[in-house]
file input37.pdb (PDB, N, CA and C atoms)
ATOM      1  N   MET A 713    -133.351-100.223 -98.840
ATOM      2  CA  MET A 713    -133.949-101.116 -97.859
ATOM      3  C   MET A 713    -135.257-100.498 -97.387
ATOM      4  N   SER A 714    -136.283-101.321 -97.300
ATOM      5  CA  SER A 714    -137.591-100.887 -96.813
ATOM      6  C   SER A 714    -137.770-101.343 -95.374
ATOM      7  N   ARG A 715    -138.628-100.631 -94.665
ATOM      8  CA  ARG A 715    -138.826-100.933 -93.237
ATOM      9  C   ARG A 715    -140.298-100.832 -92.848
ATOM     10  N   GLY A 716    -140.639-101.551 -91.805
ATOM     11  CA  GLY A 716    -141.964-101.496 -91.217
ATOM     12  C   GLY A 716    -141.895-102.098 -89.829
ATOM     13  N   GLU A 717    -143.003-102.088 -89.151
ATOM     14  CA  GLU A 717    -143.055-102.741 -87.835
ATOM     15  C   GLU A 717    -144.470-103.215 -87.567
ATOM     16  N   PHE A 718    -144.554-104.169 -86.652
ATOM     17  CA  PHE A 718    -145.861-104.694 -86.245
ATOM     18  C   PHE A 718    -145.777-105.223 -84.829
ATOM     19  N   THR A 719    -146.936-105.402 -84.247
ATOM     20  CA  THR A 719    -147.072-105.957 -82.897
ATOM     21  C   THR A 719    -148.212-106.962 -82.924
ATOM     22  N   VAL A 720    -148.043-108.082 -82.269
ATOM     23  CA  VAL A 720    -149.115-109.060 -82.120
ATOM     24  C   VAL A 720    -149.707-108.838 -80.731
ATOM     25  N   PRO A 721    -151.004-108.499 -80.656
ATOM     26  CA  PRO A 721    -151.608-108.165 -79.361
ATOM     27  C   PRO A 721    -151.739-109.375 -78.430
ATOM     28  N   HIS A 722    -151.843-109.077 -77.155
ATOM     29  CA  HIS A 722    -151.965-110.118 -76.121
ATOM     30  C   HIS A 722    -153.212-110.978 -76.300
ATOM     31  N   ASP A 723    -154.238-110.436 -76.963
ATOM     32  CA  ASP A 723    -155.491-111.185 -77.114
ATOM     33  C   ASP A 723    -155.612-111.884 -78.472
ATOM     34  N   HIS A 724    -154.504-112.032 -79.185
ATOM     35  CA  HIS A 724    -154.545-112.713 -80.488
ATOM     36  C   HIS A 724    -155.066-114.142 -80.279
ATOM     37  N   PRO A 725    -155.951-114.627 -81.146
ATOM     38  CA  PRO A 725    -156.561-115.946 -80.934
ATOM     39  C   PRO A 725    -155.598-117.136 -80.988
ATOM     40  N   SER A 726    -154.398-116.961 -81.492
ATOM     41  CA  SER A 726    -153.441-118.077 -81.550
ATOM     42  C   SER A 726    -152.698-118.300 -80.236
ATOM     43  N   LEU A 727    -152.829-117.371 -79.309
ATOM     44  CA  LEU A 727    -151.973-117.420 -78.116
ATOM     45  C   LEU A 727    -152.414-118.365 -77.007
ATOM     46  N   PRO A 728    -153.717-118.540 -76.743
ATOM     47  CA  PRO A 728    -154.068-119.479 -75.667
ATOM     48  C   PRO A 728    -153.476-120.863 -75.929
ATOM     49  N   GLY A 729    -152.747-121.358 -74.964
ATOM     50  CA  GLY A 729    -152.112-122.664 -75.091
ATOM     51  C   GLY A 729    -150.753-122.624 -75.760
ATOM     52  N   HIS A 730    -150.283-121.448 -76.102
ATOM     53  CA  HIS A 730    -148.995-121.337 -76.827
ATOM     54  C   HIS A 730    -148.065-120.352 -76.139
ATOM     55  N   PHE A 731    -147.592-120.441 -75.064
ATOM     56  CA  PHE A 731    -147.581-121.467 -74.035
ATOM     57  C   PHE A 731    -148.083-120.852 -72.732
ATOM     58  N   PRO A 732    -148.910-121.565 -71.984
ATOM     59  CA  PRO A 732    -149.471-120.998 -70.752
ATOM     60  C   PRO A 732    -148.373-120.542 -69.784
ATOM     61  N   GLY A 733    -148.562-119.337 -69.262
ATOM     62  CA  GLY A 733    -147.614-118.793 -68.302
ATOM     63  C   GLY A 733    -146.479-118.012 -68.944
ATOM     64  N   ASP A 734    -146.137-118.310 -70.181
ATOM     65  CA  ASP A 734    -145.080-117.598 -70.899
ATOM     66  C   ASP A 734    -145.413-117.630 -72.392
ATOM     67  N   PRO A 735    -146.458-116.884 -72.807
ATOM     68  CA  PRO A 735    -146.902-116.981 -74.202
ATOM     69  C   PRO A 735    -145.858-116.457 -75.184
ATOM     70  N   ILE A 736    -145.746-117.173 -76.305
ATOM     71  CA  ILE A 736    -144.922-116.695 -77.418
ATOM     72  C   ILE A 736    -145.791-116.704 -78.673
ATOM     73  N   VAL A 737    -145.454-115.831 -79.587
ATOM     74  CA  VAL A 737    -146.203-115.732 -80.832
ATOM     75  C   VAL A 737    -145.770-116.867 -81.759
ATOM     76  N   PRO A 738    -146.731-117.649 -82.270
ATOM     77  CA  PRO A 738    -146.373-118.734 -83.182
ATOM     78  C   PRO A 738    -145.671-118.213 -84.440
ATOM     79  N   GLY A 739    -144.747-119.003 -84.957
ATOM     80  CA  GLY A 739    -144.001-118.616 -86.141
ATOM     81  C   GLY A 739    -144.884-118.317 -87.337
ATOM     82  N   VAL A 740    -145.958-119.074 -87.495
ATOM     83  CA  VAL A 740    -146.843-118.852 -88.632
ATOM     84  C   VAL A 740    -147.515-117.479 -88.554
ATOM     85  N   VAL A 741    -147.787-117.001 -87.356
ATOM     86  CA  VAL A 741    -148.384-115.669 -87.189
ATOM     87  C   VAL A 741    -147.349-114.599 -87.551
ATOM     88  N   LEU A 742    -146.126-114.770 -87.092
ATOM     89  CA  LEU A 742    -145.065-113.821 -87.442
ATOM     90  C   LEU A 742    -144.861-113.779 -88.955
ATOM     91  N   LEU A 743    -144.778-114.939 -89.569
ATOM     92  CA  LEU A 743    -144.556-115.010 -91.009
ATOM     93  C   LEU A 743    -145.725-114.394 -91.779
ATOM     94  N   ASP A 744    -146.933-114.593 -91.300
ATOM     95  CA  ASP A 744    -148.106-113.990 -91.930
ATOM     96  C   ASP A 744    -148.014-112.464 -91.911
ATOM     97  N   ARG A 745    -147.583-111.896 -90.788
ATOM     98  CA  ARG A 745    -147.421-110.439 -90.687
ATOM     99  C   ARG A 745    -146.321-109.941 -91.616
ATOM    100  N   VAL A 746    -145.229-110.685 -91.706
ATOM    101  CA  VAL A 746    -144.129-110.305 -92.600
ATOM    102  C   VAL A 746    -144.616-110.301 -94.048
ATOM    103  N   VAL A 747    -145.291-111.369 -94.456
ATOM    104  CA  VAL A 747    -145.781-111.477 -95.833
ATOM    105  C   VAL A 747    -146.755-110.342 -96.139
ATOM    106  N   ALA A 748    -147.628-110.004 -95.195
ATOM    107  CA  ALA A 748    -148.589-108.926 -95.418
ATOM    108  C   ALA A 748    -147.889-107.587 -95.622
ATOM    109  N   LEU A 749    -146.920-107.273 -94.781
ATOM    110  CA  LEU A 749    -146.215-105.995 -94.901
ATOM    111  C   LEU A 749    -145.349-105.926 -96.154
ATOM    112  N   VAL A 750    -144.572-106.957 -96.394
ATOM    113  CA  VAL A 750    -143.698-106.958 -97.559
ATOM    114  C   VAL A 750    -144.541-107.023 -98.834
ATOM    115  N   GLY A 751    -145.553-107.866 -98.828
ATOM    116  CA  GLY A 751    -146.411-108.016 -99.997
ATOM    117  C   GLY A 751    -147.095-106.723-100.406
ATOM    118  N   ALA A 752    -147.460-105.898 -99.441
ATOM    119  CA  ALA A 752    -148.097-104.618 -99.747
ATOM    120  C   ALA A 752    -147.153-103.703-100.516
ATOM    121  N   SER A 753    -145.861-103.906-100.362
ATOM    122  CA  SER A 753    -144.885-103.044-101.046
ATOM    123  C   SER A 753    -144.583-103.509-102.468
ATOM    124  N   VAL A 754    -145.008-104.721-102.825
ATOM    125  CA  VAL A 754    -144.738-105.242-104.155
ATOM    126  C   VAL A 754    -146.017-105.473-104.956
ATOM    127  N   ALA A 755    -147.114-104.907-104.498
ATOM    128  CA  ALA A 755    -148.410-105.105-105.161
ATOM    129  C   ALA A 755    -148.372-104.508-106.555
ATOM    130  N   PRO A 756    -149.061-105.058-107.529
ATOM    131  CA  PRO A 756    -149.892-106.265-107.369
ATOM    132  C   PRO A 756    -149.043-107.527-107.549
ATOM    133  N   ALA A 757    -148.975-108.285-106.539
ATOM    134  CA  ALA A 757    -148.218-109.531-106.571
ATOM    135  C   ALA A 757    -148.784-110.481-105.531
ATOM    136  N   ARG A 758    -148.450-111.731-105.680
ATOM    137  CA  ARG A 758    -148.869-112.725-104.683
ATOM    138  C   ARG A 758    -147.647-113.515-104.256
ATOM    139  N   LEU A 759    -147.710-114.044-103.057
ATOM    140  CA  LEU A 759    -146.612-114.858-102.556
ATOM    141  C   LEU A 759    -146.536-116.141-103.363
ATOM    142  N   VAL A 760    -145.361-116.434-103.896
ATOM    143  CA  VAL A 760    -145.129-117.656-104.665
ATOM    144  C   VAL A 760    -144.428-118.693-103.801
ATOM    145  N   ALA A 761    -143.466-118.240-102.975
ATOM    146  CA  ALA A 761    -142.707-119.187-102.150
ATOM    147  C   ALA A 761    -142.064-118.480-100.966
ATOM    148  N   VAL A 762    -141.965-119.213 -99.888
ATOM    149  CA  VAL A 762    -141.094-118.834 -98.773
ATOM    150  C   VAL A 762    -139.832-119.649 -99.027
ATOM    151  N   THR A 763    -138.810-118.994 -99.570
ATOM    152  CA  THR A 763    -137.622-119.749 -99.981
ATOM    153  C   THR A 763    -136.717-120.097 -98.811
ATOM    154  N   SER A 764    -136.821-119.325 -97.725
ATOM    155  CA  SER A 764    -136.113-119.692 -96.500
ATOM    156  C   SER A 764    -136.718-118.907 -95.347
ATOM    157  N   VAL A 765    -136.639-119.490 -94.166
ATOM    158  CA  VAL A 765    -137.029-118.783 -92.948
ATOM    159  C   VAL A 765    -136.332-119.455 -91.770
ATOM    160  N   LYS A 766    -135.819-118.621 -90.875
ATOM    161  CA  LYS A 766    -135.203-119.104 -89.642
ATOM    162  C   LYS A 766    -135.796-118.323 -88.486
ATOM    163  N   PHE A 767    -136.267-119.045 -87.488
ATOM    164  CA  PHE A 767    -136.783-118.433 -86.271
ATOM    165  C   PHE A 767    -135.658-118.481 -85.245
ATOM    166  N   LEU A 768    -135.196-117.314 -84.827
ATOM    167  CA  LEU A 768    -133.969-117.218 -84.041
ATOM    168  C   LEU A 768    -134.183-116.971 -82.555
ATOM    169  N   SER A 769    -135.260-116.285 -82.201
ATOM    170  CA  SER A 769    -135.566-116.068 -80.786
ATOM    171  C   SER A 769    -137.065-115.820 -80.656
ATOM    172  N   PRO A 770    -137.641-116.157 -79.502
ATOM    173  CA  PRO A 770    -139.084-116.012 -79.336
ATOM    174  C   PRO A 770    -139.528-114.554 -79.342
ATOM    175  N   VAL A 771    -140.738-114.361 -79.847
ATOM    176  CA  VAL A 771    -141.387-113.058 -79.821
ATOM    177  C   VAL A 771    -142.593-113.188 -78.903
ATOM    178  N   HIS A 772    -142.694-112.284 -77.955
ATOM    179  CA  HIS A 772    -143.799-112.308 -76.994
ATOM    180  C   HIS A 772    -144.894-111.336 -77.422
ATOM    181  N   PRO A 773    -146.141-111.630 -77.054
ATOM    182  CA  PRO A 773    -147.229-110.715 -77.393
ATOM    183  C   PRO A 773    -146.930-109.307 -76.876
ATOM    184  N   GLY A 774    -147.269-108.323 -77.686
ATOM    185  CA  GLY A 774    -147.062-106.930 -77.300
ATOM    186  C   GLY A 774    -145.703-106.376 -77.662
ATOM    187  N   GLU A 775    -144.748-107.225 -78.024
ATOM    188  CA  GLU A 775    -143.432-106.730 -78.444
ATOM    189  C   GLU A 775    -143.525-106.124 -79.840
ATOM    190  N   THR A 776    -142.827-105.032 -80.038
ATOM    191  CA  THR A 776    -142.752-104.421 -81.370
ATOM    192  C   THR A 776    -141.697-105.154 -82.177
ATOM    193  N   VAL A 777    -142.099-105.610 -83.344
ATOM    194  CA  VAL A 777    -141.203-106.316 -84.257
ATOM    195  C   VAL A 777    -140.809-105.332 -85.359
ATOM    196  N   ALA A 778    -139.520-105.044 -85.462
ATOM    197  CA  ALA A 778    -138.998-104.161 -86.508
ATOM    198  C   ALA A 778    -138.609-105.031 -87.695
ATOM    199  N   LEU A 779    -139.230-104.754 -88.833
ATOM    200  CA  LEU A 779    -139.034-105.537 -90.047
ATOM    201  C   LEU A 779    -138.285-104.699 -91.075
ATOM    202  N   SER A 780    -137.287-105.291 -91.701
ATOM    203  CA  SER A 780    -136.614-104.641 -92.827
ATOM    204  C   SER A 780    -136.493-105.673 -93.940
ATOM    205  N   TRP A 781    -136.526-105.185 -95.190
ATOM    206  CA  TRP A 781    -136.403-106.083 -96.326
ATOM    207  C   TRP A 781    -135.775-105.358 -97.510
ATOM    208  N   ARG A 782    -135.194-106.181 -98.384
ATOM    209  CA  ARG A 782    -134.545-105.635 -99.583
ATOM    210  C   ARG A 782    -134.606-106.669-100.697
ATOM    211  N   ASP A 783    -134.495-106.172-101.932
ATOM    212  CA  ASP A 783    -134.436-107.052-103.099
ATOM    213  C   ASP A 783    -133.080-107.739-103.160
ATOM    214  N   ARG A 784    -133.092-108.988-103.598
ATOM    215  CA  ARG A 784    -131.853-109.711-103.860
ATOM    216  C   ARG A 784    -131.690-109.883-105.359
ATOM    217  N   ALA A 785    -130.484-110.151-105.788
ATOM    218  CA  ALA A 785    -130.185-110.312-107.215
ATOM    219  C   ALA A 785    -130.970-111.464-107.841
ATOM    220  N   ASP A 786    -131.314-112.480-107.047
ATOM    221  CA  ASP A 786    -132.033-113.641-107.592
ATOM    222  C   ASP A 786    -133.540-113.419-107.696
ATOM    223  N   GLY A 787    -134.010-112.220-107.355
ATOM    224  CA  GLY A 787    -135.432-111.906-107.448
ATOM    225  C   GLY A 787    -136.206-112.072-106.158
ATOM    226  N   ASP A 788    -135.639-112.736-105.181
ATOM    227  CA  ASP A 788    -136.298-112.882-103.886
ATOM    228  C   ASP A 788    -136.184-111.582-103.097
ATOM    229  N   LEU A 789    -137.004-111.465-102.082
ATOM    230  CA  LEU A 789    -136.909-110.375-101.116
ATOM    231  C   LEU A 789    -136.389-110.953 -99.815
ATOM    232  N   GLN A 790    -135.292-110.437 -99.338
ATOM    233  CA  GLN A 790    -134.694-110.893 -98.084
ATOM    234  C   GLN A 790    -135.246-110.026 -96.961
ATOM    235  N   PHE A 791    -135.651-110.667 -95.843
ATOM    236  CA  PHE A 791    -136.196-109.916 -94.718
ATOM    237  C   PHE A 791    -135.497-110.291 -93.415
ATOM    238  N   GLU A 792    -135.605-109.370 -92.464
ATOM    239  CA  GLU A 792    -135.090-109.603 -91.115
ATOM    240  C   GLU A 792    -136.038-108.924 -90.132
ATOM    241  N   CYS A 793    -136.330-109.606 -89.032
ATOM    242  CA  CYS A 793    -137.145-109.057 -87.953
ATOM    243  C   CYS A 793    -136.319-109.015 -86.679
ATOM    244  N   ARG A 794    -136.429-107.887 -85.972
ATOM    245  CA  ARG A 794    -135.699-107.708 -84.709
ATOM    246  C   ARG A 794    -136.674-107.213 -83.647
ATOM    247  N   CYS A 795    -136.458-107.657 -82.415
ATOM    248  CA  CYS A 795    -137.210-107.210 -81.246
ATOM    249  C   CYS A 795    -136.210-106.750 -80.195
ATOM    250  N   ASP A 796    -136.335-105.519 -79.765
ATOM    251  CA  ASP A 796    -135.426-104.980 -78.751
ATOM    252  C   ASP A 796    -133.959-105.238 -79.101
ATOM    253  N   GLY A 797    -133.616-105.106 -80.383
ATOM    254  CA  GLY A 797    -132.238-105.263 -80.818
ATOM    255  C   GLY A 797    -131.791-106.686 -81.099
ATOM    256  N   ARG A 798    -132.582-107.678 -80.738
ATOM    257  CA  ARG A 798    -132.187-109.071 -80.978
ATOM    258  C   ARG A 798    -132.858-109.591 -82.246
ATOM    259  N   ALA A 799    -132.154-110.442 -82.973
ATOM    260  CA  ALA A 799    -132.716-111.058 -84.170
ATOM    261  C   ALA A 799    -133.799-112.048 -83.761
ATOM    262  N   ALA A 800    -134.967-111.931 -84.379
ATOM    263  CA  ALA A 800    -136.084-112.819 -84.072
ATOM    264  C   ALA A 800    -136.328-113.827 -85.196
ATOM    265  N   LEU A 801    -136.312-113.371 -86.437
ATOM    266  CA  LEU A 801    -136.429-114.261 -87.575
ATOM    267  C   LEU A 801    -135.893-113.566 -88.816
ATOM    268  N   ASN A 802    -135.516-114.391 -89.792
ATOM    269  CA  ASN A 802    -135.080-113.847 -91.071
ATOM    270  C   ASN A 802    -135.379-114.870 -92.147
ATOM    271  N   GLY A 803    -135.276-114.445 -93.394
ATOM    272  CA  GLY A 803    -135.537-115.365 -94.484
ATOM    273  C   GLY A 803    -135.669-114.655 -95.808
ATOM    274  N   ALA A 804    -136.254-115.356 -96.769
ATOM    275  CA  ALA A 804    -136.440-114.815 -98.104
ATOM    276  C   ALA A 804    -137.800-115.245 -98.639
ATOM    277  N   LEU A 805    -138.429-114.339 -99.384
ATOM    278  CA  LEU A 805    -139.753-114.547 -99.966
ATOM    279  C   LEU A 805    -139.671-114.310-101.455
ATOM    280  N   ARG A 806    -140.515-115.023-102.203
ATOM    281  CA  ARG A 806    -140.601-114.795-103.645
ATOM    282  C   ARG A 806    -142.057-114.457-103.984
ATOM    283  N   PHE A 807    -142.213-113.335-104.676
ATOM    284  CA  PHE A 807    -143.520-112.890-105.116
ATOM    285  C   PHE A 807    -143.586-113.000-106.626
ATOM    286  N   GLY A 808    -144.813-113.204-107.166
ATOM    287  CA  GLY A 808    -145.010-113.274-108.591
ATOM    288  C   GLY A 808    -146.240-112.492-109.001
ATOM    289  N   ALA A 809    -146.552-112.529-110.271
ATOM    290  CA  ALA A 809    -147.700-111.779-110.792
ATOM    291  C   ALA A 809    -148.989-112.216-110.102
ATOM    292  N   ALA A 810    -149.825-111.234-109.841
ATOM    293  CA  ALA A 810    -151.105-111.502-109.167
ATOM    294  C   ALA A 810    -152.063-112.218-110.082
TER     295      ALA A 810
END

call {"tool": "encode", "arguments": {"input": "input37.pdb", "output": "structure tokens"}}
result
Amino acid sequence: MSRGEFTVPHDHPSLPGHFPGDPIVPGVVLLDRVVALVGASVAPARLVAVTSVKFLSPVHPGETVALSWRDRADGDLQFECRCDGRAALNGALRFGAA
């Protein structure tokens, strides 16, 4: 199993209006960070498909997201993200030749 972590800063351009008074990181931003970290470990490769993704709890700006991933028998990479011990999102990605 491979591991990494990331944080989305409070001044990220996607945050204004998402949501005022209680900002949360948009799912597309979280998924982009996951793809970047996991993709760097399988280079040279490109993302072919997001075969599944579930957003389980909100991630707030400044929270550290702990990411882990592993190969599956079907060729996909299964990932899980946790914040402060709670599941935030999980899913599977498929990479192919660059």

call {"tool": "select_by_dssp", "arguments": {"input": "input37.pdb", "residues": "range 724-782 of chain A", "states": "helix (DSSP H, G or I)", "output": "list in words"}}
result
Gly739, Val740, Val741, Leu742, Leu743, Asp744, Arg745, Val746, Val747, Ala748, Leu749, Val750, Gly751, Ala752 and Ser753 of chain A

call {"tool": "atom_distance", "arguments": {"input": "input37.pdb", "atom1": "atom N of Leu759 in chain A", "atom2": "atom N of Ala785 in chain A"}}
result
17.9 Å

call {"tool": "resolve_selection", "arguments": {"input": "input37.pdb", "expression": "the PyMOL selection byres ((chain A and resi 801-804) around 6)", "output": "ChimeraX atom specification"}}
result
/A:761-769,788-794,799-800,805-806

call {"tool": "axis_aligned_box", "arguments": {"input": "input37.pdb", "around": "range 791-794 of chain A", "padding_each_side": "5 Å", "output": "lines of an AutoDock Vina configuration file"}}
result
center_x = -136.1
center_y = -108.9
center_z = -89.7
size_x = 12.1
size_y = 13.5
size_z = 22.2

call {"tool": "select_by_dssp", "arguments": {"input": "input37.pdb", "residues": "chain A", "states": "strand (DSSP E)", "output": "number ranges by chain"}}
result
A: 714-719, 757-767, 776-783, 789-795, 798-809
